[in-house]
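Visitor: So here's coords_8.txt, just compact mmCIF, C-alpha atoms (C1' of nucleotides):
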```txt
# COMPACT_ATOMS: atom_id res chain seq x y z
CA MET A 300 -14.19 -8.37 34.97
CA ASN A 301 -11.31 -6.12 33.89
CA ILE A 302 -10.75 -5.17 30.28
CA SER A 303 -8.16 -7.84 29.50
CA GLU A 304 -10.39 -10.67 30.67
CA VAL A 305 -13.46 -9.50 28.78
CA SER A 306 -11.29 -8.95 25.69
CA ARG A 307 -9.92 -12.46 25.94
CA LEU A 308 -13.39 -13.97 26.35
CA ALA A 309 -14.92 -11.86 23.58
CA GLN A 310 -11.93 -12.53 21.33
CA LEU A 311 -11.34 -8.85 20.67
CA PRO A 312 -8.17 -6.74 21.20
CA THR A 313 -8.29 -4.61 24.37
CA LYS A 314 -7.68 -1.62 22.12
CA THR A 315 -10.91 -2.36 20.30
CA VAL A 316 -12.91 -2.87 23.51
CA ARG A 317 -11.60 0.48 24.76
CA TYR A 318 -12.53 2.04 21.43
CA TYR A 319 -16.07 0.64 21.65
CA ALA A 320 -16.31 2.20 25.12
CA ASP A 321 -15.06 5.56 23.75
CA ILE A 322 -17.68 5.68 21.01
CA ASP A 323 -20.30 4.38 23.45
CA LEU A 324 -21.09 1.26 21.47
CA VAL A 325 -20.50 -1.12 24.37
CA ALA A 326 -19.90 0.83 27.58
CA PRO A 327 -18.38 -0.86 30.64
CA CYS A 328 -20.94 -1.42 33.42
CA GLY A 329 -18.77 0.71 35.70
CA ARG A 330 -15.34 1.87 36.85
CA SER A 331 -13.22 0.73 39.77
CA GLU A 332 -11.87 3.14 42.42
CA ALA A 333 -8.73 3.54 40.36
CA GLY A 334 -10.69 4.21 37.18
CA TYR A 335 -10.39 0.73 35.65
CA ARG A 336 -13.25 -0.21 33.32
CA THR A 337 -15.36 -3.07 34.70
CA TYR A 338 -17.46 -5.45 32.61
CA SER A 339 -20.17 -8.00 33.36
CA ASP A 340 -21.61 -10.92 31.38
CA THR A 341 -24.09 -8.57 29.72
CA GLU A 342 -21.32 -6.51 28.13
CA LEU A 343 -19.38 -9.64 27.26
CA ARG A 344 -22.38 -10.93 25.36
CA LYS A 345 -22.75 -7.63 23.55
CA LEU A 346 -19.07 -7.62 22.61
CA VAL A 347 -19.31 -11.13 21.18
CA PHE A 348 -22.41 -10.07 19.27
CA VAL A 349 -20.63 -7.01 17.90
CA ARG A 350 -17.55 -9.01 16.95
CA ARG A 351 -19.69 -11.41 14.94
CA ALA A 352 -21.59 -8.60 13.28
CA ARG A 353 -18.37 -6.70 12.45
CA GLU A 354 -16.66 -9.82 11.11
CA SER A 355 -19.71 -10.41 8.98
CA GLY A 356 -19.37 -6.99 7.43
CA PHE A 357 -21.86 -4.87 9.38
CA SER A 358 -20.72 -1.31 10.10
CA ILE A 359 -20.43 0.15 13.59
CA GLU A 360 -23.63 2.13 13.04
CA GLU A 361 -25.42 -1.02 11.94
CA CYS A 362 -24.11 -2.79 15.05
CA ARG A 363 -25.47 0.06 17.12
CA GLU A 364 -28.84 -0.44 15.47
CA LEU A 365 -28.70 -4.19 16.03
CA LEU A 366 -27.76 -3.77 19.70
CA GLY A 367 -30.54 -1.21 19.99
CA LEU A 368 -33.03 -3.94 19.15
CA TYR A 369 -32.10 -5.60 22.42
CA GLU A 370 -32.39 -2.47 24.46
CA ASP A 371 -35.34 -0.73 22.91
CA ASP A 372 -37.93 -0.16 25.61
CA ASP A 373 -40.66 -0.41 23.06
CA ARG A 374 -39.39 -3.72 21.86
CA ASN A 375 -42.86 -4.85 20.92
CA SER A 376 -43.40 -2.09 18.39
CA ALA A 377 -43.79 -2.83 14.73
CA ASP A 378 -40.86 -0.48 14.01
CA VAL A 379 -38.37 -2.62 15.88
CA LYS A 380 -39.73 -5.76 14.28
CA ALA A 381 -39.37 -4.15 10.86
CA ILE A 382 -35.73 -3.19 11.48
CA ALA A 383 -34.91 -6.64 12.83
CA SER A 384 -36.53 -8.30 9.84
CA LYS A 385 -34.62 -6.05 7.46
CA LYS A 386 -31.36 -6.98 9.20
CA LEU A 387 -32.31 -10.66 9.04
CA LYS A 388 -32.75 -10.29 5.29
CA GLU A 389 -29.31 -8.65 5.06
CA ILE A 390 -27.79 -11.49 7.02
CA LYS A 391 -29.41 -14.05 4.72
CA ALA A 392 -28.06 -12.15 1.69
CA LYS A 393 -24.60 -12.21 3.24
CA GLN A 394 -24.94 -15.95 3.81
CA ARG A 395 -25.72 -16.46 0.15
CA GLU A 396 -22.76 -14.30 -0.96
CA LEU A 397 -20.48 -16.19 1.41
CA GLN A 398 -21.77 -19.47 0.04
CA MET A 399 -20.98 -18.36 -3.51
CA LEU A 400 -17.50 -17.32 -2.41
CA HIS A 401 -17.12 -20.72 -0.80
CA ASP A 402 -18.30 -22.61 -3.85
CA GLU A 403 -16.06 -20.64 -6.16
CA LEU A 404 -13.01 -21.31 -4.01
CA ALA A 405 -13.95 -24.95 -3.46
CA HIS A 406 -14.15 -25.25 -7.22
CA VAL A 407 -10.56 -24.00 -7.50
CA VAL A 408 -9.37 -26.50 -4.91
CA GLN A 409 -11.27 -29.40 -6.45
CA SER A 410 -10.42 -28.60 -10.03
CA CYS A 411 -6.70 -28.37 -9.34
CA ARG A 412 -6.11 -31.39 -7.21
CA GLY A 413 -2.34 -31.18 -7.31
CA ASP A 414 -1.96 -33.87 -9.95
CA ASP A 415 -0.14 -33.39 -13.22
CA ARG A 416 -3.04 -32.41 -15.46
CA PRO A 417 -1.77 -29.47 -17.44
CA ASN A 418 -5.15 -27.82 -18.09
CA CYS A 419 -7.03 -26.49 -15.14
CA PRO A 420 -10.76 -25.90 -15.82
CA ILE A 421 -10.59 -22.72 -13.78
CA ILE A 422 -8.43 -21.10 -16.42
CA ASP A 423 -11.23 -21.45 -18.97
CA TYR A 424 -13.74 -20.36 -16.37
CA LEU A 425 -11.96 -17.15 -15.53
CA SER A 426 -10.49 -16.07 -18.83
CA MET B 96 -16.66 -1.89 -21.00
CA ASN B 97 -16.13 1.50 -19.39
CA ILE B 98 -15.84 1.96 -15.65
CA SER B 99 -19.46 2.88 -15.00
CA GLU B 100 -20.80 -0.22 -16.71
CA VAL B 101 -18.44 -2.62 -14.96
CA SER B 102 -19.23 -0.89 -11.66
CA ARG B 103 -22.93 -1.29 -12.22
CA LEU B 104 -22.58 -4.97 -13.12
CA ALA B 105 -20.22 -5.70 -10.24
CA GLN B 106 -22.38 -3.69 -7.84
CA LEU B 107 -19.47 -1.56 -6.68
CA PRO B 108 -19.09 2.26 -6.66
CA THR B 109 -16.93 3.57 -9.52
CA LYS B 110 -14.76 5.20 -6.88
CA THR B 111 -14.01 1.78 -5.45
CA VAL B 112 -13.28 0.23 -8.85
CA ARG B 113 -10.87 3.11 -9.55
CA TYR B 114 -9.31 2.58 -6.15
CA TYR B 115 -8.86 -1.15 -6.84
CA ALA B 116 -7.11 -0.18 -10.08
CA ASP B 117 -4.85 2.29 -8.21
CA ILE B 118 -3.71 -0.33 -5.70
CA ASP B 119 -3.43 -2.88 -8.49
CA LEU B 120 -5.93 -5.30 -6.99
CA VAL B 121 -8.08 -5.49 -10.12
CA ALA B 122 -6.42 -3.64 -12.98
CA PRO B 123 -8.40 -2.67 -16.10
CA CYS B 124 -7.46 -4.79 -19.13
CA GLY B 125 -6.44 -1.59 -20.93
CA ARG B 126 -6.99 2.10 -21.62
CA SER B 127 -8.80 3.82 -24.46
CA GLU B 128 -7.18 6.49 -26.67
CA ALA B 129 -8.46 9.16 -24.29
CA GLY B 130 -7.16 7.32 -21.25
CA TYR B 131 -10.45 5.74 -20.16
CA ARG B 132 -10.07 2.49 -18.19
CA THR B 133 -11.47 -0.51 -20.14
CA TYR B 134 -12.72 -3.73 -18.57
CA SER B 135 -13.61 -7.19 -19.85
CA ASP B 136 -15.64 -10.06 -18.37
CA THR B 137 -12.53 -11.37 -16.65
CA GLU B 138 -12.15 -8.21 -14.60
CA LEU B 139 -15.89 -8.08 -13.96
CA ARG B 140 -15.73 -11.57 -12.49
CA LYS B 141 -12.79 -10.59 -10.32
CA LEU B 142 -14.60 -7.49 -9.08
CA VAL B 143 -17.67 -9.53 -8.13
CA PHE B 144 -15.39 -12.00 -6.38
CA VAL B 145 -13.65 -9.20 -4.48
CA ARG B 146 -16.95 -7.55 -3.54
CA ARG B 147 -18.17 -10.79 -2.04
CA ALA B 148 -14.92 -11.39 -0.20
CA ARG B 149 -14.83 -7.80 1.13
CA GLU B 150 -18.48 -7.89 2.21
CA SER B 151 -17.71 -11.12 3.98
CA GLY B 152 -14.98 -9.46 5.98
CA PHE B 153 -11.80 -10.41 4.10
CA SER B 154 -9.16 -7.68 3.93
CA ILE B 155 -7.76 -6.28 0.69
CA GLU B 156 -4.56 -8.24 1.22
CA GLU B 157 -6.56 -11.42 1.75
CA CYS B 158 -8.50 -10.67 -1.42
CA ARG B 159 -5.20 -10.29 -3.23
CA GLU B 160 -4.18 -13.69 -1.92
CA LEU B 161 -7.50 -15.23 -2.95
CA LEU B 162 -7.31 -13.72 -6.45
CA GLY B 163 -3.75 -14.96 -6.65
CA LEU B 164 -5.06 -18.52 -6.38
CA TYR B 165 -6.71 -18.02 -9.75
CA GLU B 166 -3.64 -16.60 -11.38
CA ASP B 167 -0.85 -18.62 -9.88
CA ASP B 168 1.04 -20.29 -12.71
CA ASP B 169 1.92 -23.15 -10.44
CA ARG B 170 -1.71 -23.70 -9.54
CA ASN B 171 -1.11 -27.40 -8.96
CA SER B 172 1.39 -26.87 -6.19
CA ALA B 173 0.66 -28.00 -2.65
CA ASP B 174 1.27 -24.43 -1.44
CA VAL B 175 -1.63 -22.98 -3.38
CA LYS B 176 -3.86 -25.85 -2.32
CA ALA B 177 -2.88 -25.24 1.31
CA ILE B 178 -3.70 -21.53 1.13
CA ALA B 179 -7.01 -22.22 -0.58
CA SER B 180 -7.91 -24.80 2.03
CA LYS B 181 -7.03 -22.40 4.82
CA LYS B 182 -9.24 -19.74 3.25
CA LEU B 183 -12.04 -22.29 2.87
CA LYS B 184 -11.79 -22.98 6.59
CA GLU B 185 -11.98 -19.25 7.30
CA ILE B 186 -15.07 -18.97 5.11
CA LYS B 187 -16.71 -21.86 6.95
CA ALA B 188 -15.92 -20.19 10.29
CA LYS B 189 -17.50 -16.98 9.01
CA GLN B 190 -20.56 -18.93 7.94
CA ARG B 191 -20.92 -20.34 11.45
CA GLU B 192 -20.53 -16.87 13.04
CA LEU B 193 -23.09 -15.45 10.63
CA GLN B 194 -25.47 -18.27 11.48
CA MET B 195 -25.12 -17.50 15.20
CA LEU B 196 -25.80 -13.85 14.49
CA HIS B 197 -28.84 -14.87 12.48
CA ASP B 198 -30.17 -17.18 15.18
CA GLU B 199 -29.69 -14.59 17.87
CA LEU B 200 -31.55 -11.94 15.89
CA ALA B 201 -34.28 -14.36 14.80
CA HIS B 202 -34.73 -15.15 18.48
CA VAL B 203 -35.36 -11.46 19.18
CA VAL B 204 -37.91 -11.22 16.38
CA GLN B 205 -39.68 -14.42 17.37
CA SER B 206 -39.67 -13.72 21.09
CA CYS B 207 -41.14 -10.26 20.70
CA ARG B 208 -43.88 -10.82 18.23
CA GLY B 209 -45.46 -7.44 18.64
CA ASP B 210 -48.24 -8.64 20.86
CA ASP B 211 -48.98 -7.27 24.29
CA ARG B 212 -46.93 -9.63 26.44
CA PRO B 213 -45.11 -7.35 28.83
CA ASN B 214 -42.11 -9.61 29.47
CA CYS B 215 -39.80 -10.31 26.61
CA PRO B 216 -37.59 -13.39 27.12
CA ILE B 217 -34.68 -11.56 25.49
CA ILE B 218 -34.50 -9.20 28.46
CA ASP B 219 -33.71 -12.09 30.78
CA TYR B 220 -31.36 -13.52 28.19
CA LEU B 221 -29.28 -10.39 27.84
CA SER B 222 -29.35 -8.94 31.33
C1' DT C 288 8.18 -2.24 53.01
C1' DC C 289 10.28 -2.06 48.70
C1' DT C 290 10.48 -3.50 44.09
C1' DA C 291 9.67 -5.93 39.72
C1' DG C 292 6.33 -7.08 36.55
C1' DT C 293 2.02 -6.87 34.80
C1' DC C 294 -1.92 -4.69 34.71
C1' DT C 295 -4.48 -0.22 33.70
C1' DT C 296 -5.29 4.78 32.20
C1' DT C 297 -5.31 8.85 28.55
C1' DC C 298 -3.57 10.96 24.54
C1' DC C 299 -1.84 11.32 20.06
C1' DA C 300 -0.24 9.76 15.71
C1' DG C 301 -0.68 6.35 11.93
C1' DT C 302 -3.04 2.92 8.84
C1' DA C 303 -6.65 0.71 5.84
C1' DA C 304 -10.15 1.17 2.75
C1' DC C 305 -12.67 3.90 1.00
C1' DT C 306 -15.49 8.45 -0.20
C1' DG C 307 -16.53 13.21 -1.66
C1' DG C 308 -15.42 17.12 -4.25
C1' DA C 309 -12.87 20.15 -7.37
C1' DA C 310 -10.91 21.11 -11.88
C1' DG C 311 -10.76 19.76 -16.23
C1' DG C 312 -10.71 16.61 -20.58
C1' DT C 313 -13.98 13.38 -23.78
C1' DC C 314 -17.85 11.89 -26.34
C1' DA C 315 -22.54 11.32 -28.46
C1' DA C 316 -26.96 13.52 -29.46
C1' DG C 317 -29.56 17.27 -31.11
C1' DC D 143 -21.09 23.32 -31.77
C1' DT D 144 -22.99 23.19 -27.46
C1' DT D 145 -25.10 20.54 -23.69
C1' DG D 146 -24.93 16.83 -20.59
C1' DA D 147 -23.25 12.71 -19.12
C1' DC D 148 -19.23 10.51 -19.17
C1' DC D 149 -14.24 10.14 -17.87
C1' DT D 150 -9.54 11.68 -15.80
C1' DT D 151 -6.24 12.99 -11.65
C1' DC D 152 -5.51 14.90 -7.24
C1' DC D 153 -6.32 15.94 -2.62
C1' DA D 154 -8.76 16.13 1.58
C1' DG D 155 -11.93 13.76 4.89
C1' DT D 156 -14.06 9.54 7.26
C1' DT D 157 -14.41 5.05 9.54
C1' DA D 158 -12.66 1.76 12.42
C1' DC D 159 -9.25 0.65 14.32
C1' DT D 160 -3.96 0.08 15.95
C1' DG D 161 0.56 1.20 17.94
C1' DG D 162 3.26 3.65 21.14
C1' DA D 163 4.41 6.87 24.85
C1' DA D 164 3.96 8.42 29.62
C1' DA D 165 2.23 7.54 33.85
C1' DG D 166 -0.70 5.56 37.61
C1' DA D 167 -2.35 0.85 40.03
C1' DC D 168 -2.07 -3.81 41.76
C1' DT D 169 0.19 -8.25 43.12
C1' DA D 170 3.86 -11.44 44.44
C1' DG D 171 8.16 -12.15 46.28
C1' DA D 172 12.69 -10.68 48.84
```
Can you turn what I pasted into structure tokens?

Guide:
Amino acid sequence: MNISEVSRLAQLPTKTVRYYADIDLVAPCGRSEAGYRTYSDTELRKLVFVRRARESGFSIEECRELLGLYEDDDRNSADVKAIASKKLKEIKAKQRELQMLHDELAHVVQSCRGDDRPNCPIIDYLS
Amino acid sequence: MNISEVSRLAQLPTKTVRYYADIDLVAPCGRSEAGYRTYSDTELRKLVFVRRARESGFSIEECRELLGLYEDDDRNSADVKAIASKKLKEIKAKQRELQMLHDELAHVVQSCRGDDRPNCPIIDYLS
DNA sequence: TCTAGTCTTTCCAGTAACTGGAAGGTCAAG
DNA sequence: CTTGACCTTCCAGTTACTGGAAAGACTAGA
């Protein structure tokens, strides 16, 4: 796969994929004769994983750590399990925060249904 | 409330709260004699809201838009409802992505339980 | 075989959203 | 009335991209 195809499939700009290669977060599996970056399904999967993690607010360094969990040779060690569990906790915390954001916004939508009621409950709620 | 207290309650660095004031995302409700920024519960709530939105991957400009939904005088208009609904959809999409991230990571933890099995299913899965 | 159009490369500058540090003013306790 | 923990502004640095220029590579059609 060339960079444009993997970008399209991973739903990331080519610029970003190139950047991830530069900082060695997700390296291409090789280069063509002409120097074109080449990608396989493995890298595609990693890129999708990183996109999700980034969109969910994890930093590049955290993504590196998360990806590392897949590649760690000593994957069975308690250390790796501990890191993964910590990250799982962080993800769950994010899910809760996102849910609160959702509920708050849903409350706005529901409270102000577009009818003619002059007093919106959200005004009292937020002021 | 002074800046350090509101920062503590909102769980944001004071630097960030000051920055949000600078870019007029969440302005303090006033200034003391000496020029200290002062905050009320309204601003605290907004800061918490923004923290959640930012941690969930919304940009500053999107946060501005989201906050705007609370303050729009014409809150009953179809426009505002449309924007809010669009944002709700985005939040739901983020929740799905986060869930996939969670499942993928939980799979790693569960598959490699720290016992002595030499072959970890995740290796086949990701390579 | 040439050429147009669409890849791709590297490099460099710019942006977004903080973040750290310096220099200095404010306030409350002892 | 000083000490220490606040607060202020300003400016420089970092992270994670993002856009654009200049130039090489590949593919389809005349």

Visitor: Kindly provide, as a list of chain:residue names, the residues of chain C having any atom no farther than 12 Å from an atom of chain A, counting only C-alpha atoms (C1' of nucleotides).

Guide: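 Within 12 Å of chain A on chain C, we get C:DT293, C:DC294, C:DT295, C:DT296, C:DT297.
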
Visitor: Would you list the contacts of D:DA163 as a ChimeraX atom specification, taking every protein, DNA or RNA residue within 12 Å and counting only C-alpha atoms (C1' of nucleotides), but skipping same-chain residues closer than 5 positions in sequence?

Guide: /C:297-300

Visitor: For the interface of chain D with chain A (cut-off 12 Å, counting all atoms listed in the file), please tabulate each contacting residue of chain D alongside its nearest pair of atoms and their separation in Å to one decimal, rows sorted by chain and increasing number, as a tab-separated table.

Guide:
```
residue	atom	partner	partner_atom	distance
D:DT157	C1'	A:Ile359	CA	8.8
D:DA158	C1'	A:Ile359	CA	8.0
D:DC159	C1'	A:Thr315	CA	6.9
D:DT160	C1'	A:Lys314	CA	7.4
D:DG161	C1'	A:Lys314	CA	9.7
D:DG166	C1'	A:Ala333	CA	8.7
D:DA167	C1'	A:Ala333	CA	6.9
D:DC168	C1'	A:Ala333	CA	10.0
```

Visitor: Can you work out the spacing between atom CA of A:Ser355 and atom CA of A:Thr337 in Å, to one decimal?

Guide: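 Between these atoms lies a distance of 27.1 Å.
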
Visitor: Please provide the set of residues having any atom within 10 Å of stretch 153-155 of chain D, restricted to all atoms listed in the file, with same-chain residues fewer than 4 positions apart removed, written as a list of chain:residue names.

Guide: C:DT306, C:DG307, C:DG308, C:DA309

Visitor: Go ahead and save the residues from that selection, with C-alpha atoms (C1' of nucleotides), as a PDB file, in the frame of the given file.

Guide:
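Once written, out-v7.pdb looks like this:
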```pdb
ATOM      1  C1'  DT C 306     -15.490   8.450  -0.200  1.00  0.00           C
ATOM      2  C1'  DG C 307     -16.530  13.210  -1.660  1.00  0.00           C
ATOM      3  C1'  DG C 308     -15.420  17.120  -4.250  1.00  0.00           C
ATOM      4  C1'  DA C 309     -12.870  20.150  -7.370  1.00  0.00           C
TER       5       DA C 309
END
```

Visitor: Quick one: of A:Gln409, A:Ser306, A:Thr313, A:Thr341, who's nearest to chain B, counting all atoms listed in the file?

Guide: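 Closest to chain B of all the choices is A:Thr341.
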
Visitor: Need the shell around D:DG171: protein/DNA/RNA residues with any atom at most 12 Å away, counting only C-alpha atoms (C1' of nucleotides). Skip same-chain ones fewer than 6 positions apart. Format as a list in words?

Guide: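 After dropping sequence-adjacent residues, the list is DT288, DC289, DT290, DA291 and DG292 of chain C.
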
Visitor: What lies within 10 Å of stretch 144-150 of chain B using all atoms listed in the file, ignoring chain neighbours under 5 positions off, as a count of residues only?

Guide: 30

Visitor: Using only C-alpha atoms for the distances, tell me which of A:Met300, A:Leu368, A:Glu360, A:Val316 is nearest to A:Tyr338.

Guide: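 Looking only at the distances to A:Tyr338, the closest residue turns out to be A:Met300.
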